[in-house]
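> I am sharing input31.csv, which consists of CSV, C-alpha atoms:
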```csv
chain,number,residue,atom,x,y,z
A,36,MET,CA,13.5,4.4,-2.8
A,37,ASP,CA,12.6,7.2,-5.1
A,38,PHE,CA,9.0,8.5,-4.7
A,39,THR,CA,9.4,11.3,-7.3
A,40,LEU,CA,6.3,11.2,-9.5
A,41,THR,CA,6.7,10.2,-13.1
A,42,ASP,CA,5.3,12.5,-15.8
A,43,GLU,CA,2.4,10.2,-16.1
A,44,GLN,CA,1.7,10.2,-12.4
A,45,GLN,CA,2.0,13.9,-12.2
A,46,ALA,CA,-0.5,14.2,-15.1
A,47,ILE,CA,-2.9,12.0,-13.2
A,48,THR,CA,-2.8,14.1,-10.0
A,49,GLU,CA,-3.3,17.4,-12.0
A,50,ASN,CA,-6.1,16.1,-14.2
A,51,VAL,CA,-8.0,14.5,-11.3
A,52,ALA,CA,-7.6,17.7,-9.2
A,53,ALA,CA,-8.9,19.8,-12.1
A,54,LEU,CA,-12.0,17.5,-12.5
A,55,CYS,CA,-12.7,17.5,-8.8
A,56,ALA,CA,-12.4,21.3,-8.6
A,57,ARG,CA,-15.5,21.6,-10.8
A,58,PHE,CA,-17.5,20.3,-7.8
A,59,ASP,CA,-17.1,22.9,-5.2
A,60,ASP,CA,-17.9,23.3,-1.5
A,61,ASN,CA,-21.5,24.3,-2.3
A,62,TYR,CA,-22.1,21.2,-4.3
A,63,TRP,CA,-20.9,18.9,-1.5
A,64,ARG,CA,-22.6,20.9,1.2
A,65,GLU,CA,-25.9,20.3,-0.6
A,66,ARG,CA,-25.2,16.6,-1.0
A,67,ASP,CA,-24.4,16.4,2.7
A,68,ARG,CA,-27.7,18.2,3.5
A,69,THR,CA,-30.0,16.2,1.2
A,70,GLY,CA,-28.2,12.8,1.1
A,71,GLU,CA,-28.5,12.7,-2.7
A,72,PHE,CA,-25.8,10.5,-4.3
A,73,PRO,CA,-23.3,12.6,-6.3
A,74,PHE,CA,-24.4,11.1,-9.7
A,75,ASP,CA,-22.9,13.8,-11.8
A,76,PHE,CA,-19.5,13.6,-10.0
A,77,HIS,CA,-19.6,9.8,-10.5
A,78,ALA,CA,-20.5,10.3,-14.2
A,79,ALA,CA,-17.7,12.8,-14.7
A,80,MET,CA,-15.1,10.4,-13.2
A,81,ALA,CA,-16.4,7.6,-15.5
A,82,LYS,CA,-16.4,9.8,-18.6
A,83,ASP,CA,-12.7,10.6,-18.1
A,84,GLY,CA,-11.9,7.0,-17.5
A,85,TRP,CA,-10.9,7.2,-13.9
A,86,LEU,CA,-13.2,4.4,-12.7
A,87,GLY,CA,-11.1,1.8,-14.5
A,88,ILE,CA,-7.7,3.1,-13.5
A,89,THR,CA,-6.5,-0.4,-12.4
A,90,MET,CA,-8.7,-2.5,-14.7
A,91,PRO,CA,-7.2,-4.4,-17.7
A,92,GLU,CA,-7.0,-2.4,-20.9
A,93,GLU,CA,-8.8,-5.1,-22.9
A,94,TYR,CA,-12.0,-4.3,-21.0
A,95,GLY,CA,-11.7,-0.6,-21.2
A,96,GLY,CA,-9.5,0.1,-18.2
A,97,ALA,CA,-6.2,1.9,-18.0
A,98,GLY,CA,-4.2,-1.0,-16.7
A,99,LEU,CA,-2.3,1.0,-14.1
A,100,GLY,CA,-1.0,0.1,-10.7
A,101,LEU,CA,-2.0,0.6,-7.1
A,102,THR,CA,0.4,3.6,-6.9
A,103,GLU,CA,-1.5,5.5,-9.6
A,104,ALA,CA,-4.8,4.5,-8.0
A,105,ALA,CA,-3.6,5.8,-4.6
A,106,LEU,CA,-2.4,9.1,-6.1
A,107,MET,CA,-5.9,9.5,-7.8
A,108,MET,CA,-7.8,8.8,-4.5
A,109,HIS,CA,-5.5,11.1,-2.6
A,110,GLU,CA,-6.4,13.9,-5.0
A,111,VAL,CA,-10.1,13.1,-4.8
A,112,ALA,CA,-10.1,13.2,-1.0
A,113,LYS,CA,-8.0,16.3,-1.0
A,114,SER,CA,-10.7,18.1,-3.1
A,115,PRO,CA,-13.8,19.8,-1.7
A,116,GLY,CA,-15.6,16.4,-1.8
A,117,GLY,CA,-13.5,14.8,0.9
A,118,MET,CA,-14.7,11.3,1.8
A,119,SER,CA,-18.1,11.8,0.2
A,120,ALA,CA,-16.3,12.0,-3.2
A,121,ALA,CA,-13.8,9.2,-2.4
A,122,SER,CA,-16.5,6.8,-1.2
A,123,ALA,CA,-18.6,7.4,-4.3
A,124,ILE,CA,-16.0,5.7,-6.4
A,125,HIS,CA,-13.9,3.8,-3.9
A,126,ILE,CA,-15.3,0.4,-4.7
A,127,ASN,CA,-14.4,0.7,-8.3
A,128,ILE,CA,-10.7,0.8,-7.4
A,129,PHE,CA,-10.4,-2.3,-5.2
A,130,GLY,CA,-13.8,-4.1,-5.5
A,131,PRO,CA,-13.4,-5.8,-8.8
A,132,HIS,CA,-9.9,-7.2,-8.0
A,133,PRO,CA,-11.1,-10.7,-7.3
A,134,ILE,CA,-12.9,-10.7,-10.6
A,135,VAL,CA,-9.9,-9.5,-12.5
A,136,VAL,CA,-7.6,-12.2,-10.9
A,137,PHE,CA,-10.0,-15.2,-10.5
A,138,GLY,CA,-12.9,-14.5,-12.9
A,139,THR,CA,-13.2,-16.2,-16.3
A,140,ASP,CA,-12.7,-14.3,-19.5
A,141,GLU,CA,-16.5,-14.5,-20.1
A,142,GLN,CA,-17.2,-13.0,-16.6
A,143,LYS,CA,-14.7,-10.2,-17.1
A,144,GLN,CA,-16.2,-9.3,-20.5
A,145,ARG,CA,-19.7,-9.5,-19.1
A,146,TRP,CA,-19.0,-7.4,-15.9
A,147,LEU,CA,-16.0,-5.1,-16.2
A,148,PRO,CA,-16.9,-2.8,-19.1
A,149,SER,CA,-20.1,-1.5,-17.5
A,150,PHE,CA,-18.3,-1.2,-14.2
A,151,ILE,CA,-15.6,0.9,-15.8
A,152,ASN,CA,-17.8,3.1,-17.9
A,153,GLY,CA,-20.1,3.8,-15.0
A,154,THR,CA,-23.3,2.5,-16.5
A,155,GLU,CA,-23.6,0.0,-13.6
A,156,LYS,CA,-22.8,0.5,-10.0
A,157,THR,CA,-21.9,-2.2,-7.5
A,158,CYS,CA,-21.9,-2.7,-3.7
A,159,PHE,CA,-19.9,-4.9,-1.4
A,160,GLY,CA,-21.7,-7.5,0.7
A,161,VAL,CA,-19.3,-9.0,3.2
A,162,THR,CA,-19.7,-7.6,6.7
A,163,GLU,CA,-22.4,-9.0,8.9
A,164,PRO,CA,-24.0,-7.8,12.2
A,165,ASN,CA,-22.9,-10.9,14.2
A,166,ALA,CA,-19.4,-11.2,12.6
A,167,GLY,CA,-17.8,-7.8,12.3
A,168,LEU,CA,-14.1,-8.1,11.6
A,169,ASN,CA,-14.3,-11.9,12.0
A,170,THR,CA,-15.2,-12.7,8.5
A,171,THR,CA,-15.1,-16.4,9.0
A,172,ALA,CA,-18.0,-16.1,11.4
A,173,ILE,CA,-20.5,-14.9,8.7
A,174,GLU,CA,-23.8,-16.7,8.7
A,175,THR,CA,-25.2,-15.8,5.2
A,176,ARG,CA,-25.8,-19.2,3.6
A,177,ALA,CA,-25.7,-20.1,-0.1
A,178,GLU,CA,-27.5,-23.5,-0.7
A,179,LYS,CA,-26.6,-25.3,-4.0
A,180,THR,CA,-29.5,-26.0,-6.4
A,181,ALA,CA,-29.6,-27.6,-9.8
A,182,SER,CA,-28.9,-24.3,-11.6
A,183,GLY,CA,-27.1,-22.3,-9.1
A,184,TYR,CA,-27.6,-21.2,-5.5
A,185,VAL,CA,-30.2,-19.8,-3.2
A,186,VAL,CA,-28.9,-17.3,-0.6
A,187,ASN,CA,-30.4,-16.3,2.7
A,188,GLY,CA,-28.8,-14.0,5.3
A,189,ARG,CA,-28.0,-10.5,6.3
A,190,LYS,CA,-25.3,-7.9,5.6
A,191,ILE,CA,-24.5,-4.6,7.1
A,192,TRP,CA,-22.5,-1.4,6.2
A,193,THR,CA,-23.1,-2.2,2.5
A,194,THR,CA,-22.1,1.1,0.8
A,195,THR,CA,-24.2,2.4,-2.2
A,196,GLY,CA,-26.7,-0.3,-1.8
A,197,GLN,CA,-29.5,2.1,-2.7
A,198,GLU,CA,-27.9,2.8,-6.2
A,199,ALA,CA,-26.2,-0.5,-6.9
A,200,ASP,CA,-27.1,-2.7,-9.8
A,201,LYS,CA,-24.7,-5.5,-8.7
A,202,ILE,CA,-23.4,-6.9,-5.5
A,203,LEU,CA,-20.1,-8.6,-4.7
A,204,LEU,CA,-21.4,-11.1,-2.1
A,205,LEU,CA,-19.6,-13.4,0.2
A,206,ALA,CA,-21.6,-16.4,1.6
A,207,ARG,CA,-20.9,-19.7,3.3
A,208,THR,CA,-21.5,-22.6,0.9
A,209,THR,CA,-20.1,-25.2,3.4
A,210,PRO,CA,-21.0,-25.1,7.1
A,211,LYS,CA,-18.1,-23.9,9.2
A,212,ASP,CA,-18.2,-27.1,11.4
A,213,LYS,CA,-17.7,-29.2,8.3
A,214,CYS,CA,-14.6,-27.3,7.1
A,215,LYS,CA,-11.0,-28.1,8.0
A,216,LYS,CA,-10.3,-24.4,8.5
A,217,ALA,CA,-12.7,-21.6,9.4
A,218,THR,CA,-11.5,-19.7,6.3
A,219,ASP,CA,-12.7,-22.6,4.0
A,220,GLY,CA,-16.2,-23.0,2.7
A,221,LEU,CA,-16.9,-19.3,1.9
A,222,SER,CA,-17.7,-18.5,-1.7
A,223,LEU,CA,-17.7,-15.2,-3.6
A,224,PHE,CA,-20.5,-14.2,-6.0
A,225,PHE,CA,-21.0,-11.2,-8.3
A,226,THR,CA,-24.6,-11.0,-9.2
A,227,ASN,CA,-27.6,-8.7,-9.8
A,228,VAL,CA,-29.2,-6.8,-7.0
A,229,ASP,CA,-32.7,-8.2,-6.9
A,230,ARG,CA,-34.8,-5.9,-4.8
A,231,THR,CA,-37.7,-8.3,-4.7
A,232,LYS,CA,-35.4,-10.7,-2.7
A,233,MET,CA,-33.2,-8.1,-1.0
A,234,ASP,CA,-34.6,-5.5,1.5
A,235,ILE,CA,-31.9,-2.8,1.6
A,236,ARG,CA,-32.4,-0.3,4.5
A,237,VAL,CA,-30.4,2.9,4.9
A,238,ILE,CA,-28.4,3.3,8.1
A,239,GLU,CA,-28.6,6.9,9.4
A,240,LYS,CA,-25.0,7.8,10.3
A,241,MET,CA,-22.6,10.5,11.4
A,242,GLY,CA,-21.2,11.7,8.1
A,243,ARG,CA,-21.0,11.0,4.4
A,244,LYS,CA,-24.7,11.2,4.0
A,245,ALA,CA,-24.5,11.4,0.2
A,246,VAL,CA,-23.0,7.9,0.0
A,247,ASP,CA,-25.4,5.6,1.7
A,248,SER,CA,-24.6,2.7,4.0
A,249,ASN,CA,-27.2,0.0,4.4
A,250,GLU,CA,-28.3,-3.2,6.2
A,251,VAL,CA,-29.3,-5.8,3.7
A,252,PHE,CA,-31.8,-8.6,4.4
A,253,ILE,CA,-31.5,-11.4,1.8
A,254,ASP,CA,-34.5,-13.8,1.4
A,255,ASN,CA,-34.2,-16.6,-1.1
A,256,LEU,CA,-32.0,-14.7,-3.6
A,257,GLU,CA,-31.3,-16.9,-6.6
A,258,ILE,CA,-27.8,-16.8,-8.1
A,259,PRO,CA,-27.0,-18.7,-11.3
A,260,ASP,CA,-23.8,-20.8,-11.4
A,261,GLU,CA,-22.2,-18.4,-13.9
A,262,ASP,CA,-22.1,-15.7,-11.2
A,263,LEU,CA,-19.8,-17.7,-8.9
A,264,VAL,CA,-16.3,-16.1,-8.9
A,265,GLY,CA,-13.6,-18.7,-9.1
A,266,GLU,CA,-14.0,-22.0,-7.2
A,267,GLU,CA,-16.7,-22.7,-4.6
A,268,GLY,CA,-15.3,-22.4,-1.1
A,269,LYS,CA,-12.3,-20.2,-2.0
A,270,GLY,CA,-14.0,-16.8,-1.6
A,271,PHE,CA,-12.2,-15.8,1.6
A,272,TYR,CA,-8.8,-16.3,-0.1
A,273,TYR,CA,-9.9,-14.3,-3.1
A,274,LEU,CA,-10.9,-11.4,-0.9
A,275,LEU,CA,-7.4,-11.4,0.7
A,276,HIS,CA,-6.0,-10.2,-2.7
A,277,SER,CA,-7.9,-6.9,-2.3
A,278,LEU,CA,-7.1,-6.2,1.3
A,279,ASN,CA,-3.6,-4.6,1.0
A,280,PRO,CA,-4.7,-2.4,-1.9
A,281,GLU,CA,-7.7,-1.2,0.1
A,282,ARG,CA,-5.5,-0.5,3.2
A,283,VAL,CA,-3.3,1.7,1.0
A,284,LEU,CA,-6.3,3.5,-0.6
A,285,ILE,CA,-8.0,4.2,2.7
A,286,GLY,CA,-4.8,5.6,4.1
A,287,MET,CA,-4.3,7.8,1.1
A,288,GLU,CA,-7.9,9.0,1.4
A,289,ALA,CA,-7.4,9.9,5.0
A,290,ILE,CA,-4.2,11.8,4.2
A,291,GLY,CA,-6.1,13.7,1.4
A,292,ILE,CA,-8.9,14.7,3.8
A,293,GLY,CA,-6.3,15.8,6.4
A,294,LYS,CA,-4.5,17.9,3.8
A,295,ASN,CA,-7.8,19.4,2.8
A,296,ALA,CA,-8.6,20.4,6.4
A,297,LEU,CA,-5.0,21.6,7.0
A,298,ALA,CA,-5.1,23.9,4.0
A,299,ARG,CA,-8.4,25.4,5.2
A,300,ALA,CA,-7.0,25.9,8.7
A,301,ALA,CA,-3.8,27.6,7.4
A,302,LYS,CA,-5.8,29.9,5.2
A,303,TYR,CA,-8.1,30.9,8.1
A,304,ALA,CA,-5.1,31.4,10.4
A,305,ARG,CA,-3.5,33.8,7.9
A,306,GLU,CA,-6.7,35.8,7.4
A,307,ARG,CA,-8.4,35.8,10.8
A,308,GLU,CA,-7.3,38.7,13.0
A,309,VAL,CA,-7.8,38.9,16.8
A,310,PHE,CA,-6.3,41.7,18.9
A,311,GLY,CA,-5.0,43.4,15.8
A,312,ARG,CA,-2.9,40.5,14.5
A,313,PRO,CA,-3.5,37.3,12.4
A,314,ILE,CA,-3.9,34.3,14.7
A,315,GLY,CA,-1.4,32.5,12.5
A,316,LYS,CA,1.3,34.6,14.1
A,317,ASN,CA,0.7,32.8,17.4
A,318,GLN,CA,2.8,29.7,18.0
A,319,GLY,CA,-0.1,28.1,19.7
A,320,ILE,CA,-1.8,28.0,16.3
A,321,GLN,CA,1.4,27.5,14.2
A,322,HIS,CA,2.9,24.5,16.0
A,323,PRO,CA,0.0,22.1,15.9
A,324,LEU,CA,-0.6,22.8,12.2
A,325,ALA,CA,3.1,22.3,11.5
A,326,GLU,CA,2.9,19.0,13.4
A,327,ASN,CA,-0.1,18.0,11.3
A,328,TRP,CA,1.9,18.7,8.1
A,329,MET,CA,4.8,16.5,9.2
A,330,GLU,CA,2.5,13.6,10.2
A,331,LEU,CA,0.5,13.7,7.0
A,332,GLU,CA,3.7,13.8,4.9
A,333,ALA,CA,5.2,10.9,6.8
A,334,ALA,CA,2.0,8.8,6.4
A,335,TYR,CA,2.0,9.7,2.7
A,336,LEU,CA,5.5,8.2,2.3
A,337,MET,CA,4.4,5.0,4.1
A,338,ALA,CA,1.4,4.7,1.8
A,339,MET,CA,3.6,5.1,-1.3
A,340,ARG,CA,6.0,2.5,0.1
A,341,GLY,CA,3.1,0.1,0.5
A,342,ALA,CA,1.8,0.8,-3.0
A,343,ALA,CA,5.3,0.5,-4.5
A,344,ASN,CA,5.9,-2.9,-2.8
A,345,TYR,CA,2.5,-4.2,-4.0
A,346,ASP,CA,3.1,-3.1,-7.6
A,347,ALA,CA,6.6,-4.7,-7.5
A,348,GLY,CA,5.1,-8.0,-6.3
A,349,LEU,CA,6.8,-7.7,-3.0
A,350,ASP,CA,5.3,-8.3,0.5
A,351,ALA,CA,3.1,-5.2,1.2
A,352,GLY,CA,1.2,-6.3,4.2
A,353,LEU,CA,3.1,-4.4,6.9
A,354,TYR,CA,3.4,-1.2,4.9
A,355,ALA,CA,-0.2,-1.3,3.7
A,356,ASN,CA,-1.5,-1.7,7.2
A,357,ALA,CA,0.8,0.9,8.6
A,358,ALA,CA,-0.3,3.3,5.9
A,359,LYS,CA,-3.9,2.8,6.8
A,360,TYR,CA,-3.2,3.3,10.5
A,361,LEU,CA,-0.8,6.3,10.2
A,362,GLY,CA,-3.0,8.0,7.5
A,363,ALA,CA,-6.2,7.7,9.5
A,364,GLU,CA,-4.5,9.0,12.7
A,365,ALA,CA,-2.8,11.9,10.9
A,366,GLY,CA,-6.0,12.8,9.0
A,367,PHE,CA,-8.1,12.7,12.1
A,368,LYS,CA,-5.6,14.9,14.0
A,369,ALA,CA,-5.4,17.4,11.2
A,370,CYS,CA,-9.2,17.6,10.9
A,371,THR,CA,-9.6,18.1,14.6
A,372,GLN,CA,-7.0,20.8,14.7
A,373,ALA,CA,-8.6,22.5,11.7
A,374,VAL,CA,-11.9,22.8,13.6
A,375,MET,CA,-10.0,24.1,16.7
A,376,THR,CA,-8.1,26.6,14.6
A,377,HIS,CA,-11.4,28.0,13.3
A,378,GLY,CA,-12.7,28.3,16.8
A,379,GLY,CA,-16.5,28.7,17.0
A,380,MET,CA,-16.7,29.0,13.2
A,381,GLY,CA,-15.2,25.5,12.9
A,382,TYR,CA,-18.5,24.3,14.2
A,383,ALA,CA,-20.3,26.0,11.4
A,384,LYS,CA,-21.1,24.1,8.2
A,385,GLU,CA,-20.1,27.2,6.2
A,386,PHE,CA,-16.4,26.5,6.7
A,387,THR,CA,-16.6,22.7,5.8
A,388,VAL,CA,-14.0,21.6,8.4
A,389,GLU,CA,-16.8,20.2,10.6
A,390,ARG,CA,-17.9,17.9,7.7
A,391,LEU,CA,-14.3,16.8,7.1
A,392,LEU,CA,-14.0,15.8,10.7
A,393,ARG,CA,-17.2,13.8,10.6
A,394,GLU,CA,-16.0,12.1,7.4
A,395,VAL,CA,-12.5,11.2,8.4
A,396,MET,CA,-13.8,9.1,11.3
A,397,ILE,CA,-14.6,6.4,8.7
A,398,CYS,CA,-11.0,6.0,7.9
A,399,ARG,CA,-10.2,5.3,11.6
A,400,ILE,CA,-13.0,2.8,12.0
A,401,ALA,CA,-13.1,0.9,8.7
A,402,PRO,CA,-12.4,-1.4,7.1
A,403,ILE,CA,-10.3,-2.6,10.1
A,404,SER,CA,-9.9,-1.1,13.5
A,405,PRO,CA,-6.6,0.6,14.6
A,406,GLN,CA,-6.3,-1.9,17.4
A,407,LEU,CA,-6.3,-4.9,15.0
A,408,ILE,CA,-3.7,-3.2,12.9
A,409,LEU,CA,-1.5,-2.7,16.0
A,410,CYS,CA,-2.0,-6.4,16.8
A,411,PHE,CA,-1.0,-7.3,13.2
A,412,ILE,CA,2.1,-5.2,13.3
A,413,ALA,CA,3.1,-6.6,16.7
A,414,GLU,CA,2.8,-10.1,15.5
A,415,LYS,CA,4.2,-9.8,12.0
A,416,ALA,CA,6.9,-7.1,12.5
A,417,LEU,CA,8.0,-7.8,16.1
A,418,ASP,CA,7.3,-11.6,16.3
A,419,LEU,CA,5.1,-11.2,19.3
A,420,PRO,CA,2.5,-13.9,20.1
A,421,LYS,CA,-0.9,-13.6,18.4
A,422,SER,CA,-3.4,-11.8,20.7
A,423,TYR,CA,-6.7,-12.5,19.0
```
Spell out the structure here as structure tokens.

Amino acid sequence: MDFTLTDEQQAITENVAALCARFDDNYWRERDRTGEFPFDFHAAMAKDGWLGITMPEEYGGAGLGLTEAALMMHEVAKSPGGMSAASAIHINIFGPHPIVVFGTDEQKQRWLPSFINGTEKTCFGVTEPNAGLNTTAIETRAEKTASGYVVNGRKIWTTTGQEADKILLLARTTPKDKCKKATDGLSLFFTNVDRTKMDIRVIEKMGRKAVDSNEVFIDNLEIPDEDLVGEEGKGFYYLLHSLNPERVLIGMEAIGIGKNALARAAKYAREREVFGRPIGKNQGIQHPLAENWMELEAAYLMAMRGAANYDAGLDAGLYANAAKYLGAEAGFKACTQAVMTHGGMGYAKEFTVERLLREVMICRIAPISPQLILCFIAEKALDLPKSY
């Protein structure tokens, strides 16, 4: 399988890298300090058309595949912005997929253009405090009315909820005990964020302060019938279509952050002198960094394999999950080693590697734990009995 980039793909990486370079370490350090959303970075990405890279051309998108999106997000994460930059636009790349596949022509025309041009932002309302990774256990309820639905419930880890105009919301429309399967009876909505009916509270967290995460309390939110995506009760299955792309993208973002940190560590090792010689001459410094390079490159190839399979319409589940796992592990190790290479200065915000280490943790934890990926690989690749 040839992973040599086409001329178009090479142009994507170069143009995205050039745009991201306009937002330097100082810019992102200030966003990390204040928690202000990177509005101008988001606007710049929208202006150049990157927010719609996988969206259909008839609605203003570029109509490209997961491979191109993965390459783009890899460059974004490899830039000074790291995960703060990637998370600011991440939902644009995988979030609208259920709408593209299952939405009506009217819904696509109504929703996608503003999503692509950046005039509206959205958030993702799936995870709940009492459900976690067990999506079928969510308790948010959507009750049918004459003109639509009334929703009550609670969501957690809803990214960009403070800025969002829309929410992609999963709610149970049929009680679980009345469904043949636990995955039935869940419905997907794309609707307005009504802050009179939604109390959106910021969660103070370890990293990525500029891109907020929230707990959302929903109290009698009215949703019209026309905001239901696809058929009632099929929402869980619609979400499955976006899982493999998101796994690949998270993996590529983690790899990008790792390469970001590795480049900083190598530069510091070349320039920092102790006992009259650059520390990069010491094998104790060289060997871990060389190992980081190999692990990042291997994870990159796995992610490209996953993206290639997905774009070709082949089974991508094993490779996409492996890409997320390997990318997150390699990125975390590279960021950790970058801090250690800097020694005491690795703990200082001035050299950025401490922020990258904080941010790469997201890729290990979300949207699925490394342990569940290992369970999935054991079951699907090795035919071992299901353990959960």
> Go through region 271-384 of chain A and flag each residue having an atom no more than 12 Å from region 171-195 of chain A; for those, report the closest pair of atoms plus their distance in Å to one decimal, using all atoms listed in the file, ordered by chain and rising number, as a tab-separated table.

```
residue	atom	partner	partner_atom	distance
A:Phe271	CA	A:Thr171	CA	8.0
A:Tyr272	CA	A:Thr171	CA	11.1
A:Leu274	CA	A:Thr171	CA	11.9
```
> Determine the nearest neighbour of Ala369 (chain A) from the options A:Thr89, A:Asn327, A:Thr154, A:Thr48, counting all atoms listed in the file.
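Of the candidates, the smallest distance to Ala369 (chain A) is held by A:Asn327.
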> Could you pull out every residue with an atom within 12 Å of (-19.6, -1.6, -14.9), file coordinates, counting only C-alpha atoms, and send them as JSON, numbers by chain?
{"A": [78, 81, 84, 86, 87, 90, 94, 95, 96, 124, 126, 127, 128, 130, 131, 142, 143, 144, 145, 146, 147, 148, 149, 150, 151, 152, 153, 154, 155, 156, 157, 158, 199, 200, 201, 202, 225, 227]}
> Counting all atoms listed in the file, figure out which residue out of A:Pro133, A:Gly167, A:Pro115, A:Pro280 gets nearest to Ser222 (chain A).
A:Pro133
> Would you compute the distance between CA of Pro259 (chain A) and CA of Gly138 (chain A)? Give it in Å to one decimal.
14.8 Å
> Take the point (-21.2, 12.4, 5.5) in the file's coordinates, draw a sphere of radius 8 Å around it, and report as a VMD selection string every protein, DNA or RNA residue with an atom inside or on it, counting all atoms listed in the file.
chain A and resid 67 118 to 119 240 to 246 390 393 to 394
> Skipping near chain neighbours, those fewer than 6 positions away, what residues fall within 7 Å of Val237 (chain A) using only C-alpha atoms, listed as JSON, numbers by chain?
{"A": [247, 248, 249, 250]}
> When distances are computed from only C-alpha atoms, which of A:Lys113, A:Lys384, A:Arg236, A:Lys415 shows the smallest separation from Arg64 (chain A)?
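Once distances to Arg64 (chain A) are computed over only C-alpha atoms, the minimum belongs to A:Lys384.
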> Please, what distance in Å, to one decimal, runs between CA of Leu205 (chain A) and CA of Leu223 (chain A)?
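Computing the Euclidean distance for CA of Leu205 (chain A) and CA of Leu223 (chain A) yields 4.6 Å.
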> Can you list, as a list in words, every protein, DNA or RNA residue that comes within 10 Å of Ser422 (chain A) when you count only C-alpha atoms, leaving out same-chain residues fewer than 3 positions away?
Leu407, Cys410, Phe411, Ala413, Glu414 and Leu419 of chain A
> Go ahead and write the selection's residues with C-alpha atoms as an mmCIF file, keeping the file's coordinate frame.

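Dumped to part37.cif:
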```
data_model
loop_
_atom_site.group_PDB
_atom_site.id
_atom_site.type_symbol
_atom_site.label_atom_id
_atom_site.label_comp_id
_atom_site.auth_asym_id
_atom_site.auth_seq_id
_atom_site.Cartn_x
_atom_site.Cartn_y
_atom_site.Cartn_z
ATOM 1 C CA LEU A 407 -6.300 -4.900 15.000
ATOM 2 C CA CYS A 410 -2.000 -6.400 16.800
ATOM 3 C CA PHE A 411 -1.000 -7.300 13.200
ATOM 4 C CA ALA A 413 3.100 -6.600 16.700
ATOM 5 C CA GLU A 414 2.800 -10.100 15.500
ATOM 6 C CA LEU A 419 5.100 -11.200 19.300
#
```
> Have a look at CA of Asp254 (chain A) and CA of Ile235 (chain A) and let me know their distance in Å, one decimal.
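Interatomic distance here is 11.3 Å.
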> Find the spatial neighbours of Met107 (chain A), counting all atoms listed in the file, within a cut-off of 10 Å - ignore same-chain residues fewer than 5 positions away - and output them as a ChimeraX atom specification.
/A:44,47-52,85,88,101-102,112-113,121,128,284,287-288
> From the set A:Glu326, A:Glu65, A:Asp350, A:Asp219, which residue has the shortest atom-to-atom contact distance to Lys269 (chain A), counting all atoms listed in the file?
A:Asp219
